[in-house]
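Peer 1: My structure is stored as input.txt, with compact mmCIF, C-alpha atoms.
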# COMPACT_ATOMS: atom_id res chain seq x y z
CA MET E 9 -29.32 -69.70 -7.44
CA SER E 10 -27.35 -72.76 -6.42
CA THR E 11 -28.77 -75.08 -3.86
CA ASN E 12 -25.31 -76.35 -3.02
CA GLU E 13 -24.26 -73.26 -1.03
CA PRO E 14 -23.28 -74.18 2.52
CA ARG E 15 -25.77 -73.00 5.09
CA GLN E 16 -24.54 -70.51 7.72
CA THR E 17 -24.64 -71.57 11.26
CA ASN E 18 -26.18 -69.26 13.84
CA ALA E 19 -22.71 -68.44 15.16
CA GLU E 20 -21.51 -67.48 11.69
CA LYS E 21 -24.57 -65.31 11.17
CA LYS E 22 -23.88 -63.55 14.46
CA ASP E 23 -20.23 -62.97 13.50
CA ALA E 24 -21.25 -61.54 10.13
CA ALA E 25 -23.79 -59.24 11.75
CA ARG E 26 -21.20 -58.06 14.32
CA ALA E 27 -18.65 -57.39 11.55
CA ALA E 28 -21.26 -55.40 9.63
CA ARG E 29 -22.09 -53.38 12.74
CA GLU E 30 -18.42 -52.71 13.45
CA GLN E 31 -17.86 -51.66 9.84
CA ALA E 32 -20.82 -49.30 9.99
CA SER E 33 -19.63 -47.92 13.31
CA GLN E 34 -16.11 -47.38 11.91
CA ALA E 35 -17.60 -45.61 8.88
CA ASP E 36 -19.59 -43.39 11.23
CA VAL E 37 -16.45 -42.58 13.23
CA GLN E 38 -14.55 -41.73 10.01
CA ALA E 39 -17.40 -39.58 8.73
CA ALA E 40 -17.57 -37.75 12.06
CA ALA E 41 -13.79 -37.22 12.02
CA LYS E 42 -13.95 -35.89 8.47
CA LYS E 43 -16.77 -33.57 9.42
CA ARG E 44 -14.79 -32.37 12.48
CA ARG E 45 -11.69 -31.64 10.38
CA LEU E 46 -13.75 -29.65 7.89
CA TRP E 47 -15.23 -27.65 10.77
CA GLN E 48 -11.71 -27.06 12.07
CA LEU E 49 -10.61 -25.84 8.65
CA GLY E 50 -13.68 -23.60 8.48
CA GLY E 51 -12.76 -22.15 11.88
CA ILE E 52 -9.21 -21.52 10.72
CA LEU E 53 -10.43 -19.77 7.58
CA GLY E 54 -12.70 -17.68 9.81
CA ILE E 55 -9.71 -16.72 11.97
CA ALA E 56 -7.73 -15.83 8.83
CA ALA E 57 -10.58 -13.67 7.53
CA ALA E 58 -10.88 -11.92 10.91
CA VAL E 59 -7.12 -11.26 10.99
CA ILE E 60 -7.16 -9.75 7.52
CA ILE E 61 -10.25 -7.63 8.19
CA ALA E 62 -8.63 -6.32 11.38
CA ILE E 63 -5.42 -5.45 9.54
CA VAL E 64 -7.22 -3.85 6.60
CA VAL E 65 -9.23 -1.71 9.02
CA ALA E 66 -6.09 -0.81 11.02
CA THR E 67 -4.12 0.16 7.92
CA GLY E 68 -6.91 2.07 6.27
CA GLY E 69 -7.15 -0.58 3.59
CA SER E 70 -5.98 -0.26 0.05
CA SER E 71 -5.26 3.34 -0.73
CA SER E 72 -6.85 3.71 -4.13
CA THR E 73 -9.66 6.18 -4.54
CA SER E 74 -13.10 4.71 -4.94
CA SER E 75 -15.43 5.97 -7.61
CA ALA E 76 -17.81 7.01 -4.82
CA ASP E 77 -15.35 9.76 -3.92
CA LEU E 78 -15.66 11.27 -7.38
CA THR E 79 -19.28 12.18 -7.34
CA GLY E 80 -20.38 15.78 -7.21
CA LYS E 81 -18.18 18.86 -7.51
CA PRO E 82 -14.76 19.08 -5.86
CA ASN E 83 -14.46 21.29 -2.78
CA GLY E 84 -13.94 24.95 -3.55
CA ALA E 85 -14.44 24.64 -7.33
CA ALA E 86 -16.76 27.64 -7.60
CA GLU E 87 -14.61 29.80 -5.30
CA ILE E 88 -11.40 28.98 -7.17
CA ASN E 89 -12.93 29.67 -10.58
CA ALA E 90 -14.19 33.00 -9.25
CA LEU E 91 -10.78 33.72 -7.70
CA PHE E 92 -8.96 33.30 -11.02
CA ALA E 93 -11.60 35.04 -13.12
CA GLY E 94 -9.81 37.88 -14.94
CA VAL E 95 -6.35 36.72 -13.79
CA PRO E 96 -4.12 35.97 -16.78
CA GLN E 97 -2.44 32.56 -16.56
CA ASN E 98 0.50 31.53 -18.69
CA GLY E 99 2.11 28.16 -18.08
CA ASN E 100 3.14 28.01 -14.43
CA GLU E 101 2.54 31.74 -13.94
CA ALA E 102 -0.52 33.75 -12.93
CA GLY E 103 -0.97 37.50 -12.84
CA ASN E 104 0.16 40.52 -14.72
CA PRO E 105 3.34 39.55 -16.67
CA ASN E 106 4.69 43.06 -15.95
CA ALA E 107 3.90 42.96 -12.22
CA LYS E 108 6.51 44.74 -10.13
CA PHE E 109 7.24 41.70 -7.96
CA THR E 110 7.33 37.95 -8.45
CA LEU E 111 6.61 35.27 -5.86
CA VAL E 112 7.82 31.78 -6.76
CA GLU E 113 6.54 28.79 -4.82
CA PHE E 114 8.33 25.43 -4.83
CA ALA E 115 5.70 22.92 -3.82
CA ASP E 116 4.54 19.36 -3.95
CA LEU E 117 0.85 18.83 -4.61
CA LYS E 118 0.65 16.10 -1.95
CA CYS E 119 2.52 18.14 0.66
CA PRO E 120 0.16 18.97 3.56
CA VAL E 121 2.18 22.02 4.66
CA CYS E 122 1.90 23.41 1.12
CA ARG E 123 -1.83 22.96 1.43
CA GLN E 124 -1.87 25.12 4.56
CA PHE E 125 -0.26 27.92 2.56
CA ASP E 126 -2.21 27.46 -0.66
CA VAL E 127 -5.56 27.23 1.10
CA GLY E 128 -4.84 29.58 3.99
CA ALA E 129 -2.81 32.42 2.47
CA MET E 130 -2.82 32.16 -1.31
CA PRO E 131 -6.45 33.18 -1.97
CA THR E 132 -5.85 36.50 -0.18
CA ILE E 133 -2.54 37.02 -2.02
CA ILE E 134 -4.30 36.41 -5.33
CA LYS E 135 -7.21 38.70 -4.45
CA ASN E 136 -5.15 41.61 -3.06
CA TYR E 137 -1.85 41.42 -4.92
CA VAL E 138 -2.18 39.28 -8.06
CA LYS E 139 -5.55 40.53 -9.28
CA THR E 140 -4.41 44.09 -8.71
CA GLY E 141 -1.36 43.48 -10.91
CA LYS E 142 1.21 44.17 -8.18
CA VAL E 143 2.62 40.65 -7.78
CA LYS E 144 2.71 37.72 -10.15
CA ILE E 145 2.99 34.19 -8.88
CA GLN E 146 4.81 31.17 -10.26
CA ILE E 147 4.69 27.57 -9.12
CA ARG E 148 7.52 25.09 -9.62
CA LEU E 149 6.33 21.60 -8.78
CA LEU E 150 8.39 18.88 -7.18
CA HIS E 151 7.15 15.36 -6.60
CA PHE E 152 8.67 13.53 -3.68
CA VAL E 153 5.92 13.42 -1.05
CA GLY E 154 4.65 9.91 -0.41
CA ASN E 155 6.97 8.35 -2.97
CA GLN E 156 8.02 5.60 -0.56
CA ASP E 157 4.40 4.57 -0.15
CA ASN E 158 2.94 5.40 -3.52
CA PRO E 159 5.66 5.95 -6.09
CA GLY E 160 4.47 8.04 -9.03
CA ASP E 161 1.34 9.34 -7.34
CA SER E 162 2.64 12.84 -6.62
CA GLU E 163 4.39 12.90 -9.99
CA ASP E 164 1.16 12.00 -11.81
CA ALA E 165 -0.54 14.95 -10.12
CA ALA E 166 2.37 17.27 -10.98
CA ARG E 167 2.38 16.12 -14.60
CA PHE E 168 -1.35 16.79 -14.86
CA ALA E 169 -0.75 20.27 -13.43
CA GLU E 170 1.98 20.92 -16.01
CA GLY E 171 -0.37 19.63 -18.71
CA ALA E 172 -2.98 22.09 -17.44
CA GLY E 173 -0.26 24.75 -17.63
CA LEU E 174 0.03 24.13 -21.35
CA GLN E 175 -3.65 25.15 -21.46
CA ASN E 176 -2.88 28.13 -19.18
CA ARG E 177 -4.90 26.75 -16.29
CA MET E 178 -2.18 25.41 -14.04
CA TRP E 179 -2.83 27.68 -11.07
CA SER E 180 -6.56 26.96 -11.12
CA PHE E 181 -5.78 23.25 -11.02
CA VAL E 182 -3.10 23.61 -8.33
CA GLU E 183 -5.44 25.49 -6.01
CA LEU E 184 -8.27 23.06 -6.68
CA PHE E 185 -5.95 20.15 -5.91
CA TYR E 186 -4.92 21.69 -2.59
CA PHE E 187 -8.52 22.38 -1.63
CA ASN E 188 -9.22 18.67 -2.15
CA GLN E 189 -5.93 17.28 -0.91
CA LYS E 190 -6.08 13.95 0.95
CA ASP E 191 -3.82 11.94 3.26
CA GLU E 192 -0.30 12.09 1.84
CA THR E 193 0.31 8.40 2.64
CA THR E 194 -2.57 7.24 0.46
CA ARG E 195 -2.66 6.83 -3.29
CA TYR E 196 -5.44 8.90 -4.75
CA ALA E 197 -4.09 11.02 -7.64
CA THR E 198 -5.40 8.54 -10.19
CA PRO E 199 -6.27 9.61 -13.75
CA ALA E 200 -9.95 9.42 -12.74
CA TYR E 201 -9.38 11.67 -9.73
CA LEU E 202 -7.31 14.19 -11.69
CA THR E 203 -9.90 14.21 -14.47
CA TRP E 204 -12.66 14.76 -11.90
CA LEU E 205 -10.80 17.82 -10.58
CA GLY E 206 -9.87 19.07 -14.05
CA ASN E 207 -13.42 18.83 -15.31
CA SER E 208 -14.42 21.50 -12.78
CA ILE E 209 -12.14 24.06 -14.39
CA PRO E 210 -13.83 25.78 -17.34
CA GLY E 211 -11.89 25.38 -20.57
CA LEU E 212 -9.53 22.69 -19.27
CA ASN E 213 -9.35 19.53 -21.35
CA SER E 214 -8.38 16.90 -18.77
CA ALA E 215 -7.61 14.14 -21.27
CA LYS E 216 -5.22 16.49 -23.09
CA ALA E 217 -3.64 17.53 -19.77
CA ILE E 218 -2.95 13.87 -18.95
CA ALA E 219 -1.52 13.21 -22.39
CA ASP E 220 0.58 16.41 -22.50
CA GLY E 221 1.83 15.80 -18.96
CA LYS E 222 3.70 12.71 -20.11
CA SER E 223 6.11 14.63 -22.34
CA LYS E 224 9.88 14.48 -21.95
CA ALA E 225 9.96 18.26 -21.85
CA ILE E 226 8.06 18.13 -18.57
CA THR E 227 10.46 15.51 -17.22
CA LYS E 228 13.31 17.94 -17.99
CA GLN E 229 11.34 20.76 -16.40
CA PHE E 230 11.00 18.77 -13.17
CA ALA E 231 14.74 18.08 -13.15
CA SER E 232 15.40 21.79 -13.60
CA TYR E 233 13.08 22.67 -10.69
CA GLU E 234 14.86 20.18 -8.46
CA GLN E 235 18.20 21.76 -9.33
CA GLN E 236 16.86 25.24 -8.57
CA PHE E 237 15.37 23.97 -5.30
CA ALA E 238 18.72 22.54 -4.20
CA ALA E 239 20.71 25.52 -5.51
CA ASN E 240 18.67 27.85 -3.29
CA GLY E 241 19.43 25.70 -0.28
CA PHE E 242 15.82 24.63 0.18
CA THR E 243 15.16 21.39 2.01
CA GLY E 244 11.38 21.28 2.30
CA THR E 245 8.19 22.48 0.68
CA PRO E 246 6.75 24.99 0.39
CA SER E 247 9.77 27.19 -0.22
CA PHE E 248 9.64 30.62 -1.78
CA LEU E 249 11.61 33.07 -3.87
CA PHE E 250 10.55 36.70 -3.92
CA GLY E 251 11.84 39.87 -5.45
CA PRO E 252 11.49 42.45 -8.19
CA THR E 253 10.40 40.91 -11.49
CA GLY E 254 13.34 40.46 -13.84
CA SER E 255 15.96 40.47 -11.08
CA LYS E 256 17.52 37.47 -9.39
CA LEU E 257 14.89 36.38 -6.88
CA ALA E 258 16.01 35.65 -3.33
CA PRO E 259 14.80 32.98 -0.92
CA PHE E 260 11.89 34.32 1.08
CA GLN E 261 10.94 33.12 4.54
CA PRO E 262 7.31 33.91 5.41
CA ALA E 263 6.58 35.10 8.92
CA GLY E 264 5.06 32.48 11.19
CA ASP E 265 4.07 29.16 9.71
CA GLY E 266 3.08 30.59 6.32
CA SER E 267 -0.52 29.51 6.61
CA GLN E 268 -1.94 33.01 7.12
CA PRO E 269 -2.04 35.88 4.60
CA GLY E 270 -0.23 38.05 7.15
CA SER E 271 2.81 35.78 6.79
CA PHE E 272 3.33 37.39 3.37
CA THR E 273 1.43 40.64 3.21
CA ALA E 274 3.68 42.60 5.57
CA ALA E 275 6.72 41.78 3.41
CA PHE E 276 4.79 42.48 0.20
CA ASP E 277 3.55 45.82 1.50
CA ALA E 278 7.06 46.79 2.59
CA ALA E 279 8.46 45.87 -0.83
CA LEU E 280 5.68 47.73 -2.62
CA GLY E 281 6.35 50.77 -0.42
CA LYS E 282 2.91 50.93 1.17
CA MET B 29 3.45 -39.53 1.80
CA THR B 30 3.62 -40.25 5.52
CA GLU B 31 2.62 -38.04 8.44
CA ARG B 32 6.26 -37.87 9.51
CA ARG B 33 7.42 -36.75 6.05
CA LEU B 34 4.69 -34.11 5.92
CA ARG B 35 5.78 -32.77 9.33
CA ARG B 36 9.41 -32.70 8.21
CA LEU B 37 8.45 -30.78 5.05
CA ILE B 38 6.56 -28.18 7.08
CA LEU B 39 9.42 -27.97 9.57
CA GLY B 40 11.99 -27.51 6.78
CA PHE B 41 10.08 -24.71 5.09
CA ALA B 42 9.32 -23.03 8.43
CA ILE B 43 13.04 -23.01 9.27
CA VAL B 44 13.83 -21.39 5.91
CA GLY B 45 11.05 -18.89 6.73
CA ILE B 46 12.69 -18.16 10.08
CA ALA B 47 15.97 -17.44 8.30
CA VAL B 48 14.33 -15.01 5.84
CA ALA B 49 12.25 -13.26 8.50
CA ALA B 50 15.22 -13.07 10.88
CA TYR B 51 17.33 -11.42 8.17
CA LEU B 52 14.60 -8.87 7.43
CA SER B 53 14.13 -8.25 11.16
CA ILE B 54 17.84 -7.58 11.63
CA VAL B 55 17.85 -5.28 8.61
CA HIS B 56 14.91 -3.41 10.10
CA PHE B 57 16.30 -3.29 13.64
CA GLU B 58 19.74 -2.11 12.54
CA GLY B 59 18.40 0.25 9.87
CA LEU B 60 20.45 -1.51 7.18
CA LYS B 61 19.75 -1.72 3.47
CA PRO B 62 18.66 -5.24 2.50
CA LEU B 63 20.73 -7.11 -0.06
CA CYS B 64 18.69 -6.89 -3.20
CA THR B 65 18.64 -7.23 -6.94
CA PRO B 66 19.33 -4.01 -8.91
CA GLY B 67 16.46 -1.56 -8.82
CA GLY B 68 16.21 -1.24 -5.03
CA GLY B 69 12.76 -2.80 -4.75
CA CYS B 70 13.58 -4.32 -1.35
CA GLU B 71 14.60 -0.98 0.13
CA LYS B 72 11.49 0.69 -1.27
CA VAL B 73 9.24 -1.96 0.24
CA GLN B 74 11.12 -1.94 3.56
CA GLU B 75 10.74 1.82 3.83
CA SER B 76 7.08 1.87 2.82
CA ARG B 77 4.22 2.08 5.28
CA TRP B 78 3.36 -1.52 4.44
CA ALA B 79 6.47 -2.62 6.31
CA TRP B 80 4.49 -1.87 9.49
CA VAL B 81 1.56 -3.88 10.79
CA ASN B 82 -0.68 -0.85 11.28
CA GLY B 83 0.28 0.61 7.90
CA HIS B 84 1.93 3.75 9.22
CA LYS B 85 5.58 4.62 9.01
CA ASN B 86 7.31 4.02 12.32
CA GLY B 87 4.17 2.25 13.51
CA PHE B 88 4.01 -0.08 16.47
CA LEU B 89 5.21 -3.34 14.95
CA PRO B 90 7.31 -4.10 11.86
CA VAL B 91 5.86 -6.93 9.75
CA ALA B 92 9.27 -8.64 9.67
CA TYR B 93 8.97 -9.27 13.43
CA VAL B 94 5.47 -10.67 12.96
CA GLY B 95 6.79 -12.99 10.24
CA LEU B 96 9.61 -14.16 12.49
CA ALA B 97 7.22 -14.83 15.38
CA GLY B 98 4.83 -16.65 13.03
CA TYR B 99 7.50 -18.97 11.62
CA LEU B 100 8.82 -19.69 15.12
CA LEU B 101 5.33 -20.62 16.32
CA ILE B 102 4.73 -22.81 13.26
CA THR B 103 8.04 -24.56 13.90
CA ALA B 104 7.09 -25.18 17.53
CA SER B 105 3.62 -26.41 16.57
CA VAL B 106 5.07 -29.13 14.34
CA PHE B 107 6.31 -30.85 17.50
CA ILE B 108 2.79 -31.09 18.95
CA LYS B 109 1.60 -34.57 18.07
CA GLY B 110 -1.82 -35.77 17.04
CA GLU B 111 -4.89 -33.88 15.93
CA SER B 112 -4.15 -30.89 18.19
CA GLY B 113 -0.77 -30.43 16.53
CA ARG B 114 -2.23 -30.61 13.05
CA PHE B 115 -4.90 -28.07 13.99
CA VAL B 116 -2.48 -25.61 15.63
CA THR B 117 -0.06 -25.69 12.68
CA ALA B 118 -2.85 -25.03 10.19
CA ALA B 119 -4.39 -22.38 12.47
CA LEU B 120 -1.08 -20.51 12.41
CA ALA B 121 -0.27 -21.10 8.75
CA VAL B 122 -3.57 -20.07 7.13
CA PRO B 123 -3.87 -16.60 8.75
CA GLY B 124 -0.12 -16.18 8.14
CA TRP B 125 -0.64 -16.91 4.47
CA ALA B 126 -3.61 -14.50 4.29
CA PHE B 127 -1.54 -11.74 5.92
CA SER B 128 1.39 -12.41 3.60
CA ALA B 129 -0.94 -12.38 0.57
CA TYR B 130 -2.34 -9.01 1.69
CA LEU B 131 1.18 -7.60 2.04
CA THR B 132 2.22 -9.00 -1.34
CA TYR B 133 -0.80 -7.35 -2.96
CA ASN B 134 0.20 -4.00 -1.45
CA GLU B 135 3.81 -4.53 -2.45
CA LEU B 136 2.87 -5.09 -6.08
CA PHE B 137 -0.01 -2.66 -6.51
CA ASN B 138 0.59 0.14 -3.99
CA VAL B 139 4.34 0.30 -3.47
CA LYS B 140 4.83 -0.97 -7.04
CA ALA B 141 8.11 -2.62 -6.22
CA ILE B 142 9.26 -6.18 -5.75
CA CYS B 143 11.21 -7.27 -2.69
CA TRP B 144 12.54 -10.74 -3.42
CA TRP B 145 12.90 -11.48 0.29
CA CYS B 146 9.19 -10.78 0.77
CA MET B 147 8.23 -12.78 -2.32
CA GLY B 148 10.40 -15.61 -1.00
CA SER B 149 8.63 -15.48 2.34
CA PHE B 150 5.24 -15.50 0.58
CA THR B 151 6.29 -18.61 -1.37
CA ILE B 152 7.44 -20.32 1.83
CA ILE B 153 4.26 -19.57 3.78
CA THR B 154 2.20 -20.70 0.76
CA LEU B 155 3.95 -24.09 0.78
CA VAL B 156 3.70 -24.37 4.57
CA THR B 157 -0.03 -23.59 4.33
CA ILE B 158 -0.69 -26.15 1.59
CA PHE B 159 1.09 -28.90 3.53
CA SER B 160 -0.51 -27.87 6.85
CA VAL B 161 -4.04 -27.91 5.45
CA TRP B 162 -3.38 -31.21 3.69
CA ARG B 163 -2.05 -32.60 6.98
CA LEU B 164 -5.09 -31.33 8.89
CA LEU B 165 -7.54 -32.93 6.47
CA HIS B 166 -5.71 -36.17 5.75
CA GLY B 167 -3.06 -36.54 8.45
CA GLU B 168 -5.12 -39.00 10.47
CA ASP B 169 -5.47 -41.32 7.48
CA LEU B 170 -1.77 -41.23 6.61
CA PRO B 171 0.65 -43.85 7.95
CA ALA B 172 2.66 -42.44 10.86
CA THR B 173 5.96 -43.58 9.38
CA GLY B 174 7.21 -45.02 6.10
CA GLU B 175 7.10 -48.65 7.29
CA THR B 176 5.09 -50.77 4.85
CA GLN B 177 2.22 -52.94 6.02
CA PRO B 178 2.49 -56.70 5.33
CA GLN B 179 0.43 -57.64 2.32
CA GLY B 180 -1.98 -60.58 1.88
CA ALA B 181 -2.42 -61.34 5.52
Give the structure from the file, written as structure tokens.

Peer 2:
Amino acid sequence: MSTNEPRQTNAEKKDAARAAREQASQADVQAAAKKRRLWQLGGILGIAAAVIIAIVVATGGSSSTSSADLTGKPNGAAEINALFAGVPQNGNEAGNPNAKFTLVEFADLKCPVCRQFDVGAMPTIIKNYVKTGKVKIQIRLLHFVGNQDNPGDSEDAARFAEGAGLQNRMWSFVELFYFNQKDETTRYATPAYLTWLGNSIPGLNSAKAIADGKSKAITKQFASYEQQFAANGFTGTPSFLFGPTGSKLAPFQPAGDGSQPGSFTAAFDAALGK
Amino acid sequence: MTERRLRRLILGFAIVGIAVAAYLSIVHFEGLKPLCTPGGGCEKVQESRWAWVNGHKNGFLPVAYVGLAGYLLITASVFIKGESGRFVTAALAVPGWAFSAYLTYNELFNVKAICWWCMGSFTIITLVTIFSVWRLLHGEDLPATGETQPQGA
């Protein structure tokens, strides 16, 4: 240490101490400002999180099906398997191939009105007319419901159904799907969901149904159904054709809203000459 | 980067955002088909339930209107000076970005279509948010204008 350093006067010492205090004070002010800004940003992020949570709740959130929904057996699995026990199925057809009459349903698996028919009226039709060999039923699937919200969702379900048809279990799957149908504006017909349904149908290989459903032949089949739907002047689903097997089937308008067996049975009984 | 330049950047992007949101609002209000690249992704997105704030078709508020209101408010907030202004701009931009990110996720993974107008708006709000947050955190330390300080005083 040099002894030649000039000594500070009292005034200089005071000035240095004041400068140090001011510097420390300024640093405190800056630190407080920084802390305040971070709190502000935290508040803003909190507002953003609250906005998003509110919107997600209001919109019902993302529409994919959670794995929690796929536990246990699907609704109506036992009843549907019992309903189709002893009923021959061939592709999109169920019932006695030589039945006197044929009922054709044009439907979309995600269509809620179709569900009303397939859950409300179809089980009775199957029990009283299909199982007894009087009427055979065919389903021709379209896939337009919910396409603006979830493109491909309805089609995936329809392709699975057609794949199940190649294993002669299409009607079992169709009915099971309707018994478990969800909000048409949500996306839920995922491979996992379809597999979960398919696994409840004895003898149905779900993985094969998914793979087979992707074929170009099924794409052509869908195009053909759409042409038939338009050619018959139909504009919504479900729509029906009914008539003697082997003849040209005519559009059939069920009585009422089509959700009750009586909407069909009176016409069936009249045709069968009861 | 000066505080003034940062404000001008935010203002510029917000005005572009107003233009995009105004176009989408007009398209929605008039029931027109948006100009789009081939494939019709814009129309698909515009007609989906995600084009409505409450996620239902013909719901109570189209998201395009919300976007327009958001960009207008951000534009107005840029003219508020000082710390309050910086806070208000960021407080509008960050939730706006979060909402836009949520809609973009639904566009890509639920509607499975790309609307370039919506992607453009998401890009704009992302830039506005980055600059607004930067301004909130560092705006006080930035020089107000581009005038240089005398050196070696």

Peer 1: Using Å and a single decimal, report how far atom CA of B:Ala79 sits from atom CA of B:Leu131.

Peer 2: 8.4 Å

Peer 1: Give me the residues near stretch 99-115 of chain E as a VMD selection string, where near means some atom within 9 Å (using only C-alpha atoms) and where sequence neighbours in that chain fewer than 5 positions away do not count.

Peer 2: chain E and resid 92 122 134 137 to 151 169 to 179 233 237 244 to 254 257 260 276 279 to 280

Peer 1: How far is it from atom CA of B:Pro123 to atom CA of E:Ile60, in Å with one decimal?

Peer 2: 7.7 Å

Peer 1: To one decimal place in Å, what is the distance between atom CA of B:Val161 and atom CA of E:Leu49?

Peer 2: 7.6 Å

Peer 1: For B:Ala129, find every residue with an atom within 10 Å (counting all atoms listed in the file), except residues of its own chain fewer than 3 positions away, and show them as a PyMOL selection string.

Peer 2: (chain E and resi 60) or (chain B and resi 123-126+132-135+147+150-151+153-154)

Peer 1: Restricted to C-alpha atoms, what would the selected residues look like written as an mmCIF file, in the frame of the given file?

Peer 2:
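Written output follows (again-v8.cif):
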data_model
loop_
_atom_site.group_PDB
_atom_site.id
_atom_site.type_symbol
_atom_site.label_atom_id
_atom_site.label_comp_id
_atom_site.auth_asym_id
_atom_site.auth_seq_id
_atom_site.Cartn_x
_atom_site.Cartn_y
_atom_site.Cartn_z
ATOM 1 C CA ILE E 60 -7.160 -9.750 7.520
ATOM 2 C CA PRO B 123 -3.870 -16.600 8.750
ATOM 3 C CA GLY B 124 -0.120 -16.180 8.140
ATOM 4 C CA TRP B 125 -0.640 -16.910 4.470
ATOM 5 C CA ALA B 126 -3.610 -14.500 4.290
ATOM 6 C CA THR B 132 2.220 -9.000 -1.340
ATOM 7 C CA TYR B 133 -0.800 -7.350 -2.960
ATOM 8 C CA ASN B 134 0.200 -4.000 -1.450
ATOM 9 C CA GLU B 135 3.810 -4.530 -2.450
ATOM 10 C CA MET B 147 8.230 -12.780 -2.320
ATOM 11 C CA PHE B 150 5.240 -15.500 0.580
ATOM 12 C CA THR B 151 6.290 -18.610 -1.370
ATOM 13 C CA ILE B 153 4.260 -19.570 3.780
ATOM 14 C CA THR B 154 2.200 -20.700 0.760
#

Peer 1: Kindly provide the residues of chain B that approach chain E to within 7 Å, each paired with its closest atom pair and their distance in Å to one decimal, based on only C-alpha atoms, listed by chain and increasing number, as JSON lines.

Peer 2:
{"residue": "B:Lys72", "atom": "CA", "partner": "E:Gln156", "partner_atom": "CA", "distance": 6.1}
{"residue": "B:Glu75", "atom": "CA", "partner": "E:Gln156", "partner_atom": "CA", "distance": 6.4}
{"residue": "B:Ser76", "atom": "CA", "partner": "E:Asp157", "partner_atom": "CA", "distance": 4.8}
{"residue": "B:Arg77", "atom": "CA", "partner": "E:Asp157", "partner_atom": "CA", "distance": 6.0}
{"residue": "B:Asn82", "atom": "CA", "partner": "E:Thr67", "partner_atom": "CA", "distance": 4.9}
{"residue": "B:Gly83", "atom": "CA", "partner": "E:Thr67", "partner_atom": "CA", "distance": 4.4}
{"residue": "B:Ala119", "atom": "CA", "partner": "E:Ile52", "partner_atom": "CA", "distance": 5.2}
{"residue": "B:Val122", "atom": "CA", "partner": "E:Ala56", "partner_atom": "CA", "distance": 6.2}
{"residue": "B:Pro123", "atom": "CA", "partner": "E:Ala56", "partner_atom": "CA", "distance": 3.9}
{"residue": "B:Ala126", "atom": "CA", "partner": "E:Ala56", "partner_atom": "CA", "distance": 6.3}
{"residue": "B:Phe127", "atom": "CA", "partner": "E:Ile60", "partner_atom": "CA", "distance": 6.2}
{"residue": "B:Asn138", "atom": "CA", "partner": "E:Asn158", "partner_atom": "CA", "distance": 5.8}
{"residue": "B:Val139", "atom": "CA", "partner": "E:Asn158", "partner_atom": "CA", "distance": 5.3}
{"residue": "B:Leu164", "atom": "CA", "partner": "E:Arg45", "partner_atom": "CA", "distance": 6.8}
{"residue": "B:Leu165", "atom": "CA", "partner": "E:Arg45", "partner_atom": "CA", "distance": 5.8}

Peer 1: Quick one: of B:Ile46, B:Ile142, B:Phe57, B:Tyr130, who's nearest to B:Leu89, counting only C-alpha atoms?

Peer 2: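 Smallest separation from B:Leu89 among the options: B:Phe57.
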
Peer 1: Fewer than 3 positions away in the same chain doesn't count, so skip those; otherwise give me all residues within 8 Å of E:Leu91, counting all atoms listed in the file, as a list in words.

Peer 2: Glu87, Ile88, Pro131, Ile134 and Lys135 of chain E

Peer 1: Can you pull out every residue within 12 Å of B:Arg35, counting only C-alpha atoms, but drop anything in the same chain fewer than 2 positions away, and send it as a VMD selection string?

Peer 2: chain B and resid 29 to 33 37 to 42 102 to 110 113 to 114 117 to 118 156 to 157 159 to 164 167 170 172 to 173
